[in-house]
Amino acid sequence: MERLHARCGRHRRPRRARALLALTVLASTLAACGGDDESSRPTLNWYNFPDDSGALQEAADRCSRESGGRYRIVYNKLPRAADGQRQQMVRRLAAEDDSLDILGLDVTWAAEFAEARWIKEWTGENRRRATEGTLDVPIQTATWKGKLYAVPYNTNIQLLWYREDLVPEPPTTWAEMLDMSRDLARQGKPHYVEIQGAQYEGLTVWFNSLINSAGGTILNPSATEPSLGPPAVRAASIMRDLARSPAADPSLPNQMEDQNRLAMESGVAAFEINYPFVYPSMKSNNPTLFKNFRWAVYPRVDADRPSRPTIGGIDLAVSAYSRHPDLAFDAALCLRDRENQLNAALKGGLPPTLRALYDEPDFMKEYPFSKEVLTSLESASVRPLTPAYQNVSIAVSHTLSPPSDIQPESDVSTIREQIDEALRSEGVIP
């Protein structure tokens, strides 16, 4: 109160008048700070990837308004790179930072965070609401040891994109696609197959998609030891065969998703394995080529076995150190509800995890390939569910890089040894 008087100057007034003046100034000061209604509302800090579309901020604002004054969600942007996102959250959770409430986890992190007891289990009514109407495979990414530790927010899946002016009908298998590429090369036409060949997570995703499409997995069902086997050798062989064929872009060993997109837009490629973000980009950057830009489901390894591309996306978890866990569960469910998922899909190009949205006219119009996305999601594979996933991914991507140097049997043996060591080690990568 002394400071309030000082700000207003000291004038001698009757005691009652001075008291009334003090109350008036105090009230105006609180109003300037947002009012006590605003300041008394619990703040829930939501940490997620940086979204440039505005859809995530709109979701936070909408859920804050519709909470009836129970909470206010603040959207905090994590670094753009997945490694930076994970590193920031791991360090703060290890320090038991209670300013984290809702966590946007990459689909590979739930097992690690759950095993470290950094996130809370979804039980009872919260679990029912989180899983009701949600696609099955995204739920798998949020599950560890039979318990649900996050709610799927959005998902992602790769499709085969191709040029209809070069290939009237898309290939259904990898072998068929390589044959088409060779034929186009002989004709002197664009023929590259753009795919992620750099030494990073994208290379692991490629291997995981192929091994699952061949009927195998990287780990056994209990995630206690490597599985691999003949399907892994076949997967590695396909990667090597592409890298040594005319289908390989000379930049393959350094290419990630965005380099693939740019190469396809430049007109040098006939095929591209990539996520749906390439569709609006092609439409904007090369309208002429866009007229012949088409899509199909991920190529099969065997003609009689459906492909199983690797799922991506973000799951929302509640921090074990949140000061408002009950509110955080409720807010997370709001953030990924029908309206917010549809808005994120239309504005940010993020495929939803709620099955019903794939029949939504607005979504189908914006996503003319929604049928292929849904088909792919329903048969998709997940990356190995293990707290040691970072180690597993490094073992795969480092061993299989560059793809042209792959020795299928010996490299699979190396991967098996390194994964076995990773699964027997303790702790997490900082």
# chains A, B, ... in the order shown; residues from 1 in each chain; ligands from 1
$ select_by_dssp --residues "region 76-269 of chain A" --states "alpha helix (DSSP H)" --output "ChimeraX atom specification"
/A:82-94,110-115,124-131,136-141,174-186,201-213,230-243,257-266
$ select_by_dssp --residues "region 144-228 of chain A" --states "strand (DSSP E or B)" --output "list in words"
Trp144, Lys147, Leu148, Val151, Pro152, Tyr153, Asn154, Thr155, Asn156, Leu159, Leu160, Trp161, Tyr162, Arg163, Thr173, Tyr192, Val193, Glu194, Leu219 and Pro226 of chain A
$ write_last_selection --atoms "N, CA, C and O atoms" --output "PDB file, in the first residue's frame"
ATOM      1  N   TRP A 144       2.138 -48.492 -23.274  1.00  0.00           N
ATOM      2  CA  TRP A 144       3.345 -49.160 -22.812  1.00  0.00           C
ATOM      3  C   TRP A 144       2.966 -50.166 -21.734  1.00  0.00           C
ATOM      4  O   TRP A 144       2.303 -49.818 -20.762  1.00  0.00           O
ATOM      5  N   LYS A 147      -0.670 -50.338 -20.684  1.00  0.00           N
ATOM      6  CA  LYS A 147      -1.278 -49.161 -20.066  1.00  0.00           C
ATOM      7  C   LYS A 147      -1.185 -47.965 -21.012  1.00  0.00           C
ATOM      8  O   LYS A 147      -0.192 -47.808 -21.725  1.00  0.00           O
ATOM      9  N   LEU A 148      -2.219 -47.131 -20.989  1.00  0.00           N
ATOM     10  CA  LEU A 148      -2.250 -45.952 -21.845  1.00  0.00           C
ATOM     11  C   LEU A 148      -1.595 -44.771 -21.132  1.00  0.00           C
ATOM     12  O   LEU A 148      -1.973 -44.426 -20.015  1.00  0.00           O
ATOM     13  N   VAL A 151      -2.709 -39.542 -25.171  1.00  0.00           N
ATOM     14  CA  VAL A 151      -3.853 -39.576 -26.072  1.00  0.00           C
ATOM     15  C   VAL A 151      -3.383 -39.118 -27.452  1.00  0.00           C
ATOM     16  O   VAL A 151      -2.722 -38.085 -27.574  1.00  0.00           O
ATOM     17  N   PRO A 152      -3.662 -39.896 -28.507  1.00  0.00           N
ATOM     18  CA  PRO A 152      -3.223 -39.498 -29.852  1.00  0.00           C
ATOM     19  C   PRO A 152      -3.839 -38.172 -30.268  1.00  0.00           C
ATOM     20  O   PRO A 152      -5.057 -38.000 -30.247  1.00  0.00           O
ATOM     21  N   TYR A 153      -2.978 -37.237 -30.642  1.00  0.00           N
ATOM     22  CA  TYR A 153      -3.422 -35.899 -31.052  1.00  0.00           C
ATOM     23  C   TYR A 153      -3.561 -35.813 -32.566  1.00  0.00           C
ATOM     24  O   TYR A 153      -4.590 -35.439 -33.102  1.00  0.00           O
ATOM     25  N   ASN A 154      -2.485 -36.125 -33.271  1.00  0.00           N
ATOM     26  CA  ASN A 154      -2.562 -36.218 -34.725  1.00  0.00           C
ATOM     27  C   ASN A 154      -1.684 -37.373 -35.168  1.00  0.00           C
ATOM     28  O   ASN A 154      -0.966 -37.972 -34.373  1.00  0.00           O
ATOM     29  N   THR A 155      -1.741 -37.682 -36.442  1.00  0.00           N
ATOM     30  CA  THR A 155      -0.950 -38.790 -36.951  1.00  0.00           C
ATOM     31  C   THR A 155      -0.342 -38.394 -38.294  1.00  0.00           C
ATOM     32  O   THR A 155      -0.528 -37.270 -38.762  1.00  0.00           O
ATOM     33  N   ASN A 156       0.381 -39.312 -38.912  1.00  0.00           N
ATOM     34  CA  ASN A 156       0.965 -39.059 -40.222  1.00  0.00           C
ATOM     35  C   ASN A 156       1.368 -40.382 -40.851  1.00  0.00           C
ATOM     36  O   ASN A 156       1.652 -41.347 -40.127  1.00  0.00           O
ATOM     37  N   LEU A 159       2.742 -41.862 -48.262  1.00  0.00           N
ATOM     38  CA  LEU A 159       2.102 -42.410 -49.447  1.00  0.00           C
ATOM     39  C   LEU A 159       3.115 -42.456 -50.581  1.00  0.00           C
ATOM     40  O   LEU A 159       4.215 -41.887 -50.481  1.00  0.00           O
ATOM     41  N   LEU A 160       2.744 -43.136 -51.654  1.00  0.00           N
ATOM     42  CA  LEU A 160       3.524 -43.098 -52.887  1.00  0.00           C
ATOM     43  C   LEU A 160       2.942 -41.990 -53.759  1.00  0.00           C
ATOM     44  O   LEU A 160       1.755 -42.000 -54.094  1.00  0.00           O
ATOM     45  N   TRP A 161       3.770 -41.015 -54.114  1.00  0.00           N
ATOM     46  CA  TRP A 161       3.365 -39.930 -54.998  1.00  0.00           C
ATOM     47  C   TRP A 161       4.050 -40.150 -56.341  1.00  0.00           C
ATOM     48  O   TRP A 161       5.234 -40.521 -56.393  1.00  0.00           O
ATOM     49  N   TYR A 162       3.319 -39.925 -57.422  1.00  0.00           N
ATOM     50  CA  TYR A 162       3.897 -40.210 -58.737  1.00  0.00           C
ATOM     51  C   TYR A 162       3.339 -39.261 -59.793  1.00  0.00           C
ATOM     52  O   TYR A 162       2.334 -38.574 -59.582  1.00  0.00           O
ATOM     53  N   ARG A 163       3.997 -39.234 -60.938  1.00  0.00           N
ATOM     54  CA  ARG A 163       3.583 -38.392 -62.060  1.00  0.00           C
ATOM     55  C   ARG A 163       2.789 -39.225 -63.056  1.00  0.00           C
ATOM     56  O   ARG A 163       3.317 -40.145 -63.676  1.00  0.00           O
ATOM     57  N   THR A 173       4.194 -52.710 -56.112  1.00  0.00           N
ATOM     58  CA  THR A 173       5.291 -53.276 -55.326  1.00  0.00           C
ATOM     59  C   THR A 173       6.572 -52.490 -55.575  1.00  0.00           C
ATOM     60  O   THR A 173       6.692 -51.748 -56.553  1.00  0.00           O
ATOM     61  N   TYR A 192      13.722 -40.802 -61.189  1.00  0.00           N
ATOM     62  CA  TYR A 192      14.169 -41.035 -59.817  1.00  0.00           C
ATOM     63  C   TYR A 192      13.008 -41.422 -58.897  1.00  0.00           C
ATOM     64  O   TYR A 192      11.865 -40.995 -59.088  1.00  0.00           O
ATOM     65  N   VAL A 193      13.351 -42.206 -57.874  1.00  0.00           N
ATOM     66  CA  VAL A 193      12.447 -42.497 -56.763  1.00  0.00           C
ATOM     67  C   VAL A 193      12.976 -41.716 -55.572  1.00  0.00           C
ATOM     68  O   VAL A 193      14.021 -42.067 -55.015  1.00  0.00           O
ATOM     69  N   GLU A 194      12.286 -40.666 -55.194  1.00  0.00           N
ATOM     70  CA  GLU A 194      12.751 -39.822 -54.091  1.00  0.00           C
ATOM     71  C   GLU A 194      12.340 -40.434 -52.747  1.00  0.00           C
ATOM     72  O   GLU A 194      11.153 -40.686 -52.506  1.00  0.00           O
ATOM     73  N   LEU A 219      11.695 -55.609 -33.283  1.00  0.00           N
ATOM     74  CA  LEU A 219      11.740 -56.229 -31.956  1.00  0.00           C
ATOM     75  C   LEU A 219      10.656 -57.288 -31.835  1.00  0.00           C
ATOM     76  O   LEU A 219       9.668 -57.284 -32.583  1.00  0.00           O
ATOM     77  N   PRO A 226      15.756 -58.332 -30.115  1.00  0.00           N
ATOM     78  CA  PRO A 226      15.524 -58.100 -31.544  1.00  0.00           C
ATOM     79  C   PRO A 226      14.857 -59.290 -32.203  1.00  0.00           C
ATOM     80  O   PRO A 226      15.048 -60.435 -31.794  1.00  0.00           O
TER      81      PRO A 226
END
$ atom_distance --atom1 "CA of Asn343 (chain A)" --atom2 "CA of Glu58 (chain A)"
8.8 Å
$ atom_distance --atom1 "CA of Arg70 (chain A)" --atom2 "CA of Cys334 (chain A)"
12.9 Å
$ closest_atom_pairs --of "region 210-308 of chain A" --to "region 387-402 of chain A" --cutoff "12 Å" --atoms "only C-alpha atoms" --output "CSV"
residue,atom,partner,partner_atom,distance
A:Ile218,CA,A:Val392,CA,9.0
A:Leu219,CA,A:Val392,CA,9.5
A:Ala223,CA,A:Pro387,CA,9.5
A:Thr224,CA,A:Ala388,CA,10.5
A:Glu225,CA,A:Val392,CA,11.0
A:Pro226,CA,A:Val392,CA,9.6
A:Leu228,CA,A:Val396,CA,11.3
A:Ala232,CA,A:Val396,CA,10.9
A:Val233,CA,A:Leu400,CA,11.6
A:Ala235,CA,A:Leu400,CA,10.8
A:Ala236,CA,A:Leu400,CA,7.7
A:Ser237,CA,A:Leu400,CA,10.6
A:Ile238,CA,A:Leu400,CA,11.7
A:Met239,CA,A:Leu400,CA,8.7
A:Arg240,CA,A:Leu400,CA,8.9
A:Leu242,CA,A:Pro402,CA,11.8
A:Ala243,CA,A:Pro402,CA,8.6
A:Arg244,CA,A:Pro402,CA,10.8
A:Ala248,CA,A:Pro402,CA,11.9
A:Pro250,CA,A:Pro402,CA,11.7
A:Ser251,CA,A:Pro402,CA,10.7
A:Leu252,CA,A:Pro402,CA,8.4
A:Pro253,CA,A:Pro402,CA,5.4
A:Asn254,CA,A:Pro402,CA,8.7
A:Gln255,CA,A:Pro402,CA,10.8
